[in-house]
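Below is one structure, written out as structure tokens; the observations come after it.
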Amino acid sequence: MSAPKLVQGYEVVIGFETHAQLSTQSKIFSRASVAFGAEPNTQACAVDLALPGTLPVMNKGAVERAIQFGLAIGSHIAPKSVFARKNYFYPDLPKGYQISQFEIPVVQGGEVDFFLGDEKKTVRLVRAHLEEDAGKSLHEDFIGQSGIDLNRAGTPLLEIVTEPDMRSSEEAVAYAKELHKIVTWIGICDGNMQEGSFRCDANVSVRKPGQPLGTRREIKNLNSFKFMQQAIDYEVRWQIEQIEDGHAIQQATVLFDPDTGETRAMRTKEDAADYRYFPDPDLPPLVIASEWIERVRSEMAELPRVMAARFVTDYGLPEYDATTLTQSKAMAAYFEAAAQTSKQPKLASNWIMGEVSRRINAGEIGIEQAPVSAAQLAALITRIADGTISNNAGRQVFDALWTGEGQDVDALIESKGLKQMNDSGALEQIIDEVIAANPDNVTQFKAGKDKAFNALVGQVMKASKGKANPQQVNDLLRSKLG
Amino acid sequence: MMSTELHQLSLAELARQLREKKVSAVETAQHFLGRIRAHETLGAFVDMNEEATLAQARAADTALAAGNAGALAGVPIAHKDIFVTKDFATTAGSKMLAGYRSPFDATVVSRLAAAGTVTLGKVSCDEFAMGSANENVAVPALGHPTPAPVRNPWDTSRIPGGSSGGSATAVAARLAPAASGTDTGGSIRQPASFCGITGIKPTYGRASRYGMIAYASSLDQAGPMAHSAEDCALLLSAMCGPDPDRDSTSLDAPAEDFTRSLNDKLDGLRIGIPKEFFGEGLAPDVRAAVDAALKAYEKLGAKLVPISLPRTELSIPVYYIIAPAEASSNLSRFDGVKFGHRAKDYTDLLDMYKRTRAQGFGDEVKRRIMIGTYVLSHGYYDAYYLQAQKIRRMIADDFQQAFQQCDVIAGPVAPTVAWKIGEKADDPVANYLADIFTLPASLAGLPGMSVPAGFGAGNMPVGLQLIGNYLQEGKLLNVAHQLQQTTDFHLRQPEGF
């Protein structure tokens with residue numbers, strides 16, 4: 001591992017706590033729906049409202065998703081984990097306590113691997129535990145009062161906690177992106193950061209290299225990768241400034257304000273609550289038999305890093321291509337379909353990483369919404385590979401497919417007259433004419449100037465109206481001039 | 001002529017007469033509603049809804065006529081005010097919930113209703129089931145302008161016991177043939193003993209806790225209170241059964257017909273007598289009644305086996321750490337935000353919380369919230385809560401040791417008979433100490449019951465406690481029923497009722 005990048009002589013140390021909302025239909029301890037965007041308090045049942053006499057019942061789907069996550073990152077799945085109550089008063093916390101896991105979480109250990117540029121990084125996880133979300137306090141629109149919306153109360157969350165393993169804001173963002181990819185890939189979280197389905201808290205501290213860990217401040221609720229980097233960078237500069245000015249850092253929870261680009265303290269350690277954690281007597285320990293784990297494992301989709309390795313061995317792709325194509329499940333599926341149908345994996349990879357990605361990025365759409373299907377792309381690639389059309393002509397066909405001008409690759413090649421001239425007789429005739437008409441270039445080429453050869457190729461292509469197969473032109477021209 | 005005697009019938013007999021249509025459910029309900037009105041001075045009932053009661057009775061009569069009625073069709077019952085009910089207010093004896101109406105019925109209530117019972121109303125209890133005298137009541141009983149303690153029909157200057165004191169008084173005074181109760185540290189057994197009725201707390205998890213307002217979740221358990229073991233068996237059969245979709249601590253044990261083994265003979269039955277239950281603290285009059293019951297068992301063919309439950313005394317500190325710890329958290333939801341009492345005037349959020357809870361909770365509840373908060377606090381958790389949990393496991397192990405030598409355990413329910421109203425009201429510790437014989441079974445999660453065993457000082461009833469191993473409710477009821485075949489204490493009626 002390379003030496004950590006220093007900021008003004010300080011080493012940056014970052015750990016993450018991420019709340020991933022699990023993609024269940026109903027809440028973690030009740031049957032109310034978790035769908036986003038409903039009218040306030042329409043998705044809160046008696047249990048979510050903490051009405052007297054109500055009790056929590058574990059949603060097995062949430063447990064299953066925690067198991068999936070643990071398997072995806074090579075964690076220990078605790079055969080027995082314990083739900084605990086975190087006691088505090090707040091109007092959007094209906095029971096006066098949050099059900100979480102404290103001493104014994106369901107997912108223990110594990111690692112997240114990712115590339116930062118071309119350097120491989122590993123962030124170790126401490127744990128991931130199941131817990132319920134609180135409701136929402138609405139401070140606007142109630143003239144001097146606050147409104148409470150309990151739709152979100154009881155939404156299942158997996159809180160994923162890392163070791164303080166990251167050494168720069170770039171690395172932190174790369175980790176967060178990788179984690180985001182994992183949870184969306186295995187389908188346990190929709191990853192929607194605007195709706196709060198994937199929320200990160202960053203614990204940031206700085207120290208001189210070789211010194212013990214500095215005092216950390218926790219930046220709460222970073223809900224975009226952009227803000228994440230800005231917030232950490234600001235926080236690092238602020239902490240270094242404080243230390244350089246001779247101030248000690250106080251442990252605190254801070255919020256990032258995207259408008260000012262600054263972080264500011266919400267509360268310090270002095271007013272930290274005593275949460276009086278104790279095992280929730282309403283919920284027996286969560287017992288996960290090895291059979292359950294094995295069943296989940298057998299039903300799990302192939303993981304991105306496993307799939308990338310397979311792309312390298314099965315399709316002979318470079319590691320870079322394989323990693324890029326496994327950024328999302330949809331993209332990987334698109335690639336596989338195109339590669340298998342066309343039998344041209346490298347060409348398919350080039351097209352997807354090039355033309356297709358450029359288009360979907362420009363259109364800000366997912367590959368699922370791409371107007372060119374994997375089958376159409378495969379048909380196009382097949383025609384390039386078999387020499388029917390050139391790569392350039394292929395781009396024109398792709399444009400026509402994308403804009404909806406046509407659906408069928410062969411019909412488009414026909415109607416646009418893009419078929420390459422593969423008839424060597426006709427091509428020879430053109431070449432002969434070009435040689436005859438450009439004696440200067442011929443002389444220069446024979447004198448060893450490659451540029452002159454390219455000029456001749458260009459002339460042939462032009463004379464063929466772009467239909468000549470460039471490779472064939474090359475070969476014929478060389479043999480004739482040879 | 002029939003209706004004047006209805007309240008003197010056992011529940012089993014009443015159910016039979018209803019089935020045979022010798023009496024209608026409406027007639028029965030009206031009879032008991034009349035008695036409740038006539039004896040409001042006892043302070044047993046806190047809410048009635050005659051319309052709802054009679055509607056239930058009419059439905060029972062229809063089912064009886066159609067021949068598709070449940071086993072308890074038309075049998076009237078009173079519910080402890082700790083069970084939430086749609087048709088009646090639910091207060092848990094607290095100002096915090098004055099006038100609260102639940103949108104759903106507790107599982108125990110709906111299971112009994114499914115068996116055909118007709119709800120007469122809600123009966124008083126100690127606030128949030130915290131108390132052993134039913135003096136911690138913050139809501140007025142029917143016919144009373146202000147909150148008042150429930151009175152024991154055997155001597156109305158005495159307490160009925162608690163926290164299911166209203167249930168015990170209602171049954172003892174024949175205002176209802178049966179009542180539901182809940183038992184966290186003895187709250188069914190002790191008032192049953194003090195009022196001369198039969199009550200059983202099943203194994204923890206047998207009856208669903210859904211809709212039972214939680215006091216101490218790991219201990220709370222519902223059970224029936226009635227005149228005889230047979231009546232309790234009928235009720236318990238209807239109350240119990242798994243409720244996995246609503247209560248995660250509900251046991252995966254199928255519902256049983258607890259009447260089936262009532263008539264088993266007791267030849268060779270080994271009754272364990274824990275020496276710790278017969279020490280200095282036990283009043284001689286209680287001891288005499290218990291000893292007499294044990295003699296009766298010997299005559300029935302049972303063998304008395306001396307056993308030891310060495311941590312009996314520790315059950316008091318252990319219970320008074322664990323129960324308040326859970327309570328302090330369970331009662332956090334009563335914050336004035338969503339339901340129940342909210343202070344009228346406050347300056348900000350924190351002030352609203354403080355005033356609401358200061359006004360809404362009574363002294364005993366506050367005391368337990370404070371104890372519970374303290375024992376769970378950072379720096380004290382290990383010394384109190386964790387330590388208590390360890391001893392709790394040892395207490396459970398002690399019972400398992402004991403059950404190697406015996407089939408059931410017998411002893412007193414409480415060290416004394418019911419005391420005078422107000423006698424211990426200002427001495428919480430004296431109240432706590434009186435729970436010593438009921439706490440061990442609660443902490444172990446074992447089934448326990450109280451069976452009328454005679455009378456002690458002041459001609460007050462004395463109960464015999466029977467404790468069984470896990471899921472041995474059928475055995476307990478059998479043992480109690482056999483005693484009731486040779487004794488008539490459970491049939492005695494307090495004068496004037």
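Simple scheme: letters A, B, ... for chains in structure tokens order, numbers from 1 for residues in each chain, numbers from 1 for ligands in the order shown.
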Next on the checklist: Need the shell around B:Glu326: protein/DNA/RNA residues with any atom at most 9 Å away, counting only C-alpha atoms. Skip same-chain ones fewer than 6 positions apart. Format as an MDAnalysis selection string?
Outcome noted: (chainID A and resid 278 280:281) or (chainID B and resid 214:218 369 372)
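Those residues that approach stretch 469-484 of chain B to within 6 Å, counting only C-alpha atoms, are Thr203, Ala229, Phe258, Ser261, Leu262 and Leu446 of chain B; same-chain residues fewer than 4 positions away are not listed.
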Checklist entry - Using only C-alpha atoms, which residues sit within 10 Å of A:Met300 once same-chain residues fewer than 2 positions away are excluded, as a VMD selection string? => result chain A and resid 68 71 to 72 186 to 187 294 to 298 302 to 303
Distance table requested - chain A against chain B, cut-off 9 Å, only C-alpha atoms: one row per qualifying residue with the closest atom pair and its distance in Å to one decimal, ordered by chain and rising residue number, as CSV.
```
residue,atom,partner,partner_atom,distance
A:Ser30,CA,B:Arg246,CA,8.8
A:Ala46,CA,B:Pro103,CA,8.3
A:Leu49,CA,B:Lys338,CA,7.6
A:Ala50,CA,B:Arg333,CA,6.8
A:Leu51,CA,B:Ser102,CA,7.9
A:Pro52,CA,B:Ile213,CA,5.4
A:Gly53,CA,B:Gly211,CA,3.7
A:Thr54,CA,B:Tyr210,CA,5.8
A:Leu55,CA,B:Asp247,CA,6.0
A:Pro56,CA,B:Asp247,CA,7.0
A:Val57,CA,B:Ser248,CA,5.5
A:Met58,CA,B:Ser248,CA,7.7
A:Arg85,CA,B:Ser329,CA,8.1
A:Asn87,CA,B:Ser329,CA,6.8
A:Tyr88,CA,B:Ser332,CA,8.3
A:Phe89,CA,B:Ser332,CA,7.5
A:Tyr90,CA,B:Leu349,CA,8.8
A:Pro91,CA,B:Val337,CA,6.3
A:Asp92,CA,B:Val337,CA,8.9
A:Leu93,CA,B:Arg333,CA,8.6
A:Pro94,CA,B:Arg333,CA,6.1
A:Lys95,CA,B:Arg333,CA,4.4
A:Gly96,CA,B:Ser332,CA,4.8
A:Tyr97,CA,B:Ser329,CA,7.2
A:Asp274,CA,B:His378,CA,6.4
A:Tyr275,CA,B:Ser377,CA,7.9
A:Arg276,CA,B:Leu376,CA,5.2
A:Tyr277,CA,B:Leu376,CA,7.3
A:Phe278,CA,B:Leu376,CA,7.3
A:Asp280,CA,B:Glu326,CA,8.5
A:Pro281,CA,B:Ser218,CA,5.3
A:Asp282,CA,B:Ser217,CA,6.2
A:Leu283,CA,B:Ser248,CA,5.8
A:Pro284,CA,B:Thr249,CA,6.5
```
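The smallest atom-to-atom distance between B:Tyr432 and any of B:Trp419, B:Tyr320, B:Phe403, B:Phe455, using only C-alpha atoms, is found for B:Tyr320.
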Item to check | Secondary structure check, strand (DSSP E or B) residues of stretch 108-143 of chain B, as JSON, numbers by chain | outcome: {"B": [118, 119, 120, 121, 122, 123]}
Could those selected residues go to a file with C-alpha atoms, as a PDB file, in the first residue's frame?
```pdb
ATOM      1  CA  VAL B 118     -69.885 -11.494  27.030  1.00  0.00           C
ATOM      2  CA  THR B 119     -67.890  -8.580  28.435  1.00  0.00           C
ATOM      3  CA  LEU B 120     -69.532  -6.900  31.430  1.00  0.00           C
ATOM      4  CA  GLY B 121     -67.012  -4.099  31.688  1.00  0.00           C
ATOM      5  CA  LYS B 122     -63.542  -3.182  32.804  1.00  0.00           C
ATOM      6  CA  VAL B 123     -62.293  -3.737  36.313  1.00  0.00           C
TER       7      VAL B 123
END
```
Next on the checklist: I'd like the neighbourhood of B:Pro191 as a ChimeraX atom specification, where a residue qualifies if any of its atoms comes within 8 Å (using only C-alpha atoms), though same-chain residues fewer than 5 positions away should be ignored.
Outcome noted: /B:132,160-165,168
For C-alpha atoms, I'd like the residues from the last selection saved as a short mmCIF file (atom, residue, chain, number, x, y, z; two decimals), in the first residue's frame.
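Okay, this is what ended up in again_6.cif:
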```
data_model
loop_
_atom_site.label_atom_id
_atom_site.label_comp_id
_atom_site.auth_asym_id
_atom_site.auth_seq_id
_atom_site.Cartn_x
_atom_site.Cartn_y
_atom_site.Cartn_z
CA SER B 132 -50.14 -5.34 45.43
CA PRO B 160 -58.34 -7.00 47.73
CA GLY B 161 -54.70 -7.39 46.77
CA GLY B 162 -53.24 -6.29 43.50
CA SER B 163 -52.64 -5.49 40.87
CA SER B 164 -55.67 -7.49 39.63
CA GLY B 165 -57.67 -6.33 42.66
CA ALA B 168 -60.61 -10.51 42.39
#
```
Next on the checklist: Env of A:Asp259: 12 Å cut, atoms = only C-alpha atoms, seq-sep filter 4 positions within chain, self excluded. Answer as a PyMOL selection string.
Outcome noted: chain A and resi 227+230-231+255+263
How would the residues just picked look written out with C-alpha atoms as a short mmCIF file (atom, residue, chain, number, x, y, z; two decimals), in the first residue's frame?
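again_16.cif, written as the output of this step:
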```
data_model
loop_
_atom_site.label_atom_id
_atom_site.label_comp_id
_atom_site.auth_asym_id
_atom_site.auth_seq_id
_atom_site.Cartn_x
_atom_site.Cartn_y
_atom_site.Cartn_z
CA PHE A 227 -21.62 16.77 -0.78
CA GLN A 230 -17.11 18.68 -0.07
CA ALA A 231 -18.13 18.11 3.53
CA LEU A 255 -24.15 18.90 9.91
CA THR A 263 -20.04 21.98 8.56
#
```
Item to check | Non-local contacts of B:Arg206 (8 Å; only C-alpha atoms; under 4 positions in same chain excluded) as a PyMOL selection string | outcome: chain B and resi 202+221+240-242+250-251+253+471
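Distance-wise, atom CA of A:Gln429 and atom CA of A:Leu380 end up 28.9 Å apart.
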Next on the checklist: At a cut-off of 8 Å, using only C-alpha atoms, what residues contact A:Gln229? Leave out same-chain residues fewer than 6 positions from it and give the result as a PyMOL selection string.
Outcome noted: chain A and resi 169-170+172-173
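Those residues in stretch 142-262 of chain B carrying a DSSP assignment of alpha helix (DSSP H), computed from the backbone, are Gly165, Gly166, Ser167, Ala168, Thr169, Ala170, Val171, Ala172, Arg189, Gln190, Pro191, Ala192, Ser193, Phe194, Cys195, Ala229, Glu230, Asp231, Cys232, Ala233, Leu234, Leu235, Leu236, Ser237, Ala238 and Met239 of chain B.
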Write a file of the just-selected residues containing N, CA and C atoms, as a CSV table (one decimal), in the first residue's frame.
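Result file out-v7.csv:
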```csv
chain,number,residue,atom,x,y,z
B,165,GLY,N,-56.8,-6.4,41.5
B,165,GLY,CA,-57.7,-6.3,42.7
B,165,GLY,C,-59.1,-6.2,42.2
B,166,GLY,N,-59.4,-5.4,41.2
B,166,GLY,CA,-60.8,-5.3,40.7
B,166,GLY,C,-61.3,-6.6,40.2
B,167,SER,N,-60.4,-7.4,39.6
B,167,SER,CA,-60.9,-8.7,39.0
B,167,SER,C,-61.2,-9.6,40.2
B,168,ALA,N,-60.4,-9.6,41.3
B,168,ALA,CA,-60.6,-10.5,42.4
B,168,ALA,C,-61.9,-10.1,43.1
B,169,THR,N,-62.1,-8.8,43.4
B,169,THR,CA,-63.2,-8.4,44.1
B,169,THR,C,-64.5,-8.7,43.3
B,170,ALA,N,-64.4,-8.4,42.0
B,170,ALA,CA,-65.6,-8.7,41.1
B,170,ALA,C,-66.1,-10.1,41.2
B,171,VAL,N,-65.1,-11.0,41.2
B,171,VAL,CA,-65.4,-12.5,41.2
B,171,VAL,C,-65.9,-12.9,42.6
B,172,ALA,N,-65.1,-12.4,43.6
B,172,ALA,CA,-65.5,-12.8,45.0
B,172,ALA,C,-66.9,-12.3,45.4
B,189,ARG,N,-52.2,-14.2,41.4
B,189,ARG,CA,-52.2,-15.2,42.6
B,189,ARG,C,-52.5,-14.5,43.9
B,190,GLN,N,-51.9,-13.3,44.1
B,190,GLN,CA,-52.1,-12.7,45.4
B,190,GLN,C,-53.5,-12.2,45.7
B,191,PRO,N,-54.1,-11.4,44.7
B,191,PRO,CA,-55.5,-11.0,44.9
B,191,PRO,C,-56.5,-12.2,45.0
B,192,ALA,N,-56.2,-13.2,44.2
B,192,ALA,CA,-57.0,-14.4,44.2
B,192,ALA,C,-57.0,-15.0,45.7
B,193,SER,N,-55.8,-15.1,46.2
B,193,SER,CA,-55.6,-15.6,47.6
B,193,SER,C,-56.4,-14.7,48.6
B,194,PHE,N,-56.2,-13.4,48.4
B,194,PHE,CA,-56.8,-12.4,49.4
B,194,PHE,C,-58.3,-12.4,49.3
B,195,CYS,N,-58.9,-12.8,48.2
B,195,CYS,CA,-60.3,-12.7,48.0
B,195,CYS,C,-61.0,-14.1,47.9
B,229,ALA,N,-61.1,-24.3,40.0
B,229,ALA,CA,-60.1,-24.7,39.0
B,229,ALA,C,-60.7,-25.1,37.7
B,230,GLU,N,-61.9,-25.7,37.8
B,230,GLU,CA,-62.6,-26.1,36.6
B,230,GLU,C,-63.0,-24.9,35.8
B,231,ASP,N,-63.5,-23.9,36.4
B,231,ASP,CA,-63.8,-22.6,35.7
B,231,ASP,C,-62.6,-22.0,35.1
B,232,CYS,N,-61.5,-22.0,35.8
B,232,CYS,CA,-60.2,-21.5,35.3
B,232,CYS,C,-59.8,-22.3,34.1
B,233,ALA,N,-59.9,-23.6,34.2
B,233,ALA,CA,-59.5,-24.5,33.1
B,233,ALA,C,-60.3,-24.1,31.8
B,234,LEU,N,-61.6,-23.9,31.9
B,234,LEU,CA,-62.4,-23.6,30.8
B,234,LEU,C,-61.9,-22.3,30.1
B,235,LEU,N,-61.7,-21.3,31.0
B,235,LEU,CA,-61.3,-20.0,30.5
B,235,LEU,C,-59.9,-20.0,29.9
B,236,LEU,N,-59.0,-20.7,30.6
B,236,LEU,CA,-57.6,-20.7,30.2
B,236,LEU,C,-57.5,-21.4,28.8
B,237,SER,N,-58.3,-22.5,28.6
B,237,SER,CA,-58.3,-23.2,27.3
B,237,SER,C,-58.6,-22.2,26.2
B,238,ALA,N,-59.5,-21.2,26.5
B,238,ALA,CA,-59.9,-20.3,25.4
B,238,ALA,C,-58.9,-19.2,25.3
B,239,MET,N,-58.2,-18.8,26.4
B,239,MET,CA,-57.3,-17.7,26.3
B,239,MET,C,-55.9,-18.0,25.7
```
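A straight line drawn from atom CA of B:Ala129 to atom CA of B:Leu491 is 27.6 Å long.
Between atom CA of A:Phe198 and atom CA of A:Ser23 the separation is 11.2 Å.
The residue that comes closest to B:Ala288, out of B:Gly199, B:Gly99, B:Gly456, B:Gly74 and on the basis of only C-alpha atoms, is B:Gly456.
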